[in-house]
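S.K.: This is the content of input05.cif (mmCIF, C-alpha atoms):
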```cif
data_model
#
loop_
_atom_site.group_PDB
_atom_site.id
_atom_site.type_symbol
_atom_site.label_atom_id
_atom_site.label_comp_id
_atom_site.auth_asym_id
_atom_site.auth_seq_id
_atom_site.Cartn_x
_atom_site.Cartn_y
_atom_site.Cartn_z
ATOM 1 C CA MET A 8 0.515 -5.639 0.382
ATOM 2 C CA LEU A 9 3.227 -3.028 0.807
ATOM 3 C CA MET A 10 1.339 -0.114 -0.721
ATOM 4 C CA ALA A 11 -1.472 0.608 -3.164
ATOM 5 C CA LEU A 12 -1.670 3.233 -5.887
ATOM 6 C CA GLY A 13 -5.316 3.313 -6.854
ATOM 7 C CA LEU A 14 -6.256 -0.293 -7.637
ATOM 8 C CA PHE A 15 -2.620 -1.324 -8.261
ATOM 9 C CA THR A 16 -1.024 -3.073 -5.284
ATOM 10 C CA PHE A 17 2.707 -3.286 -4.714
ATOM 11 C CA GLU A 18 3.338 -6.800 -3.403
ATOM 12 C CA ILE A 19 5.494 -9.841 -4.058
ATOM 13 C CA GLY A 20 3.127 -11.108 -6.772
ATOM 14 C CA THR A 21 3.101 -7.872 -8.795
ATOM 15 C CA ALA A 22 6.006 -5.500 -8.187
ATOM 16 C CA ALA A 23 7.462 -5.213 -4.705
ATOM 17 C CA PHE A 24 9.606 -2.185 -3.990
ATOM 18 C CA GLN A 25 12.772 -2.218 -1.877
ATOM 19 C CA ASP A 26 13.205 1.535 -1.421
ATOM 20 C CA LEU A 27 10.746 4.310 -0.691
ATOM 21 C CA VAL A 28 11.892 7.925 -0.627
ATOM 22 C CA ARG A 29 9.465 10.646 0.415
ATOM 23 C CA ARG A 30 10.430 14.273 -0.181
ATOM 24 C CA THR A 31 8.435 17.139 1.334
ATOM 25 C CA GLU A 32 9.107 20.814 0.623
ATOM 26 C CA TRP A 33 7.900 24.042 2.208
ATOM 27 C CA ARG A 34 7.817 27.408 0.459
ATOM 28 C CA HIS A 35 9.438 30.581 1.788
ATOM 29 C CA ALA A 36 9.579 33.958 0.048
ATOM 30 C CA GLU A 37 12.573 36.213 0.625
ATOM 31 C CA THR A 38 12.836 39.970 0.453
ATOM 32 C CA PRO A 39 16.312 41.491 0.276
ATOM 33 C CA ARG A 40 17.279 43.988 2.993
ATOM 34 C CA PHE A 41 20.146 46.436 3.029
ATOM 35 C CA GLY A 42 22.871 45.494 5.510
ATOM 36 C CA ALA A 43 21.030 42.454 6.842
ATOM 37 C CA ARG A 44 20.007 38.991 5.844
ATOM 38 C CA PRO A 45 16.934 38.737 3.626
ATOM 39 C CA ALA A 46 13.549 38.729 5.348
ATOM 40 C CA SER A 47 11.691 35.456 4.969
ATOM 41 C CA GLN A 48 7.986 34.682 5.000
ATOM 42 C CA PHE A 49 6.510 31.197 5.164
ATOM 43 C CA LEU A 50 4.100 30.634 2.260
ATOM 44 C CA GLY A 51 2.894 27.139 3.090
ATOM 45 C CA PRO A 52 3.488 23.617 1.862
ATOM 46 C CA GLY A 53 5.360 22.987 -1.358
ATOM 47 C CA ALA A 54 5.730 19.886 -3.486
ATOM 48 C CA GLU A 55 5.616 16.387 -2.058
ATOM 49 C CA THR A 56 7.071 13.514 -4.057
ATOM 50 C CA PHE A 57 7.486 9.774 -3.586
ATOM 51 C CA SER A 58 10.075 7.573 -5.277
ATOM 52 C CA LEU A 59 9.652 3.786 -5.217
ATOM 53 C CA SER A 60 12.423 1.509 -6.494
ATOM 54 C CA GLY A 61 12.233 -2.231 -6.854
ATOM 55 C CA ILE A 62 13.042 -5.349 -8.818
ATOM 56 C CA VAL A 63 10.728 -7.675 -10.729
ATOM 57 C CA LEU A 64 11.970 -11.252 -11.153
ATOM 58 C CA PRO A 65 9.328 -13.100 -13.197
ATOM 59 C CA GLY A 66 8.964 -16.644 -11.953
ATOM 60 C CA LEU A 67 10.148 -15.675 -8.459
ATOM 61 C CA SER A 68 8.544 -12.356 -7.598
ATOM 62 C CA GLY A 69 6.546 -10.008 -9.741
ATOM 63 C CA ARG A 70 5.464 -9.842 -13.359
ATOM 64 C CA HIS A 71 6.503 -7.742 -16.353
ATOM 65 C CA SER A 72 2.831 -6.924 -16.846
ATOM 66 C CA ALA A 73 2.914 -4.980 -13.567
ATOM 67 C CA ILE A 74 5.336 -2.458 -15.072
ATOM 68 C CA ARG A 75 3.168 -2.212 -18.192
ATOM 69 C CA THR A 76 0.150 -1.553 -15.959
ATOM 70 C CA LEU A 77 2.002 1.281 -14.194
ATOM 71 C CA ARG A 78 3.001 2.719 -17.581
ATOM 72 C CA ASP A 79 -0.656 2.626 -18.710
ATOM 73 C CA MET A 80 -1.743 4.328 -15.479
ATOM 74 C CA ALA A 81 0.794 7.101 -16.100
ATOM 75 C CA ALA A 82 -0.372 7.543 -19.694
ATOM 76 C CA SER A 83 -3.946 8.106 -18.507
ATOM 77 C CA GLY A 84 -2.827 11.213 -16.609
ATOM 78 C CA GLU A 85 -5.249 10.419 -13.792
ATOM 79 C CA ALA A 86 -4.506 10.835 -10.089
ATOM 80 C CA HIS A 87 -4.660 7.781 -7.837
ATOM 81 C CA ALA A 88 -4.872 7.476 -4.054
ATOM 82 C CA LEU A 89 -1.615 6.324 -2.452
ATOM 83 C CA VAL A 90 -2.219 4.138 0.628
ATOM 84 C CA ASP A 91 0.423 2.255 2.612
ATOM 85 C CA ALA A 92 0.093 -1.133 4.335
ATOM 86 C CA ARG A 93 -0.861 0.496 7.659
ATOM 87 C CA GLY A 94 -3.841 2.181 6.005
ATOM 88 C CA THR A 95 -2.295 5.663 5.955
ATOM 89 C CA VAL A 96 -3.649 7.658 3.018
ATOM 90 C CA HIS A 97 -0.883 9.811 1.539
ATOM 91 C CA GLY A 98 -3.203 11.662 -0.836
ATOM 92 C CA ASP A 99 -3.869 11.625 -4.557
ATOM 93 C CA CYS A 100 -0.760 11.221 -6.681
ATOM 94 C CA VAL A 101 0.108 11.297 -10.358
ATOM 95 C CA ILE A 102 2.897 9.283 -11.942
ATOM 96 C CA VAL A 103 5.485 11.697 -13.317
ATOM 97 C CA SER A 104 8.096 9.164 -14.458
ATOM 98 C CA LEU A 105 8.839 5.452 -14.655
ATOM 99 C CA ASP A 106 12.354 4.156 -15.301
ATOM 100 C CA GLU A 107 12.840 0.502 -16.230
ATOM 101 C CA ARG A 108 16.108 -1.386 -16.651
ATOM 102 C CA GLN A 109 15.954 -4.933 -18.011
ATOM 103 C CA SER A 110 18.784 -7.468 -17.745
ATOM 104 C CA GLU A 111 19.599 -11.205 -17.734
ATOM 105 C CA PHE A 112 17.788 -12.104 -20.939
ATOM 106 C CA LEU A 113 16.571 -15.543 -21.971
ATOM 107 C CA ASN A 114 17.204 -16.807 -25.523
ATOM 108 C CA THR A 115 13.595 -15.772 -26.284
ATOM 109 C CA GLY A 116 14.507 -12.148 -25.577
ATOM 110 C CA GLU A 117 12.501 -11.953 -22.347
ATOM 111 C CA ALA A 118 14.266 -10.317 -19.423
ATOM 112 C CA ARG A 119 14.581 -12.394 -16.253
ATOM 113 C CA ARG A 120 15.194 -9.232 -14.219
ATOM 114 C CA ALA A 121 13.639 -5.778 -14.448
ATOM 115 C CA GLU A 122 14.523 -2.934 -12.098
ATOM 116 C CA PHE A 123 12.138 -0.012 -11.852
ATOM 117 C CA THR A 124 11.914 3.429 -10.276
ATOM 118 C CA LEU A 125 8.533 5.107 -10.045
ATOM 119 C CA GLU A 126 8.250 8.840 -9.326
ATOM 120 C CA LEU A 127 4.961 10.146 -7.925
ATOM 121 C CA ARG A 128 3.852 13.713 -7.187
ATOM 122 C CA ARG A 129 1.126 14.438 -4.665
ATOM 123 C CA LEU A 130 -1.591 16.797 -5.839
#
```
Can I see the file as structure tokens?

M.R.:
Amino acid sequence: MLMALGLFTFEIGTAAFQDLVRRTEWRHAETPRFGARPASQFLGPGAETFSLSGIVLPGLSGRHSAIRTLRDMAASGEAHALVDARGTVHGDCVIVSLDERQSEFLNTGEARRAEFTLELRRL
């Protein structure tokens, strides 16, 4: 297991990701001052987002149903705990977007390759 989002596990058998980007922001308020740089005050933590990108190759690694499961989880609007393979809990996250790109189609119309990017926002 690479990571889990609620009961969904990212692994070779479902949907393994190759890239993980974590973005953390902090909030600062500024007040303009005459003849000097603006004054700044730290307001606390801002948004924290995670972006996971990967490839599903049915028959080799992953299943198309894994992407459908993620899409269903997003449609529920519920938050899910994000936990990595080391057991670190990154907090409750909601799925804000899921991009899917299918290619290399069989004559049945099924894609042999599906790339995905999942965007999560920590609550």

S.K.: The PyMOL selection byres ((chain A and resi 123) around 8) - which residues does that actually catch in the file I just gave you? List them as a ChimeraX atom specification.

M.R.: /A:60-63,74,105-108,121-122,124-125

S.K.: I need the output of the PyMOL selection byres ((chain A and resi 67) around 12) for this file as a PyMOL selection string; which residues are they?

M.R.: chain A and resi 19-23+62-66+68-71+119-120

S.K.: Please list, as a count of residues only, the residues that have an atom at most 10 Å away from (1.1, 0.2, -4.7) in the coordinates of this file, counting only C-alpha atoms.

M.R.: 22

S.K.: Around all the atoms of segment 36-42 of chain A listed in the file, with 3 Å of room on each side, what axis-aligned box do you get, giving centre and edge lengths in Å to one decimal, as AutoDock Vina command-line options?

M.R.:
```
--center_x 16.2 --center_y 40.2 --center_z 2.8 --size_x 19.3 --size_y 18.5 --size_z 11.5
```

S.K.: Residues at most 8 Å from segment 79-82 of chain A, counting only C-alpha atoms, excluding those fewer than 6 positions away in the same chain, as a PyMOL selection string?

M.R.: chain A and resi 101-104

S.K.: Residues within 12 Å of (8.6, 16.5, -0.3), file coordinates, counting only C-alpha atoms: what are they? Give the list as a count of residues only.

M.R.: 20

S.K.: Can you tell me how far atom CA of His35 of chain A sits from atom CA of Phe49 of chain A, in Å to one decimal?

M.R.: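 Calculated distance between atom CA of His35 of chain A and atom CA of Phe49 of chain A is 4.5 Å.
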
S.K.: Rounded to one decimal place, report the atom CA of Thr38 of chain A-atom CA of Leu50 of chain A distance in Å.

M.R.: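 The value is 12.9 Å.
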
S.K.: To one decimal place, how far is atom CA of Glu85 of chain A from atom CA of Asp99 of chain A in Å?

M.R.: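 Taking atom CA of Glu85 of chain A as the start and atom CA of Asp99 of chain A as the end point, the length is 9.4 Å.
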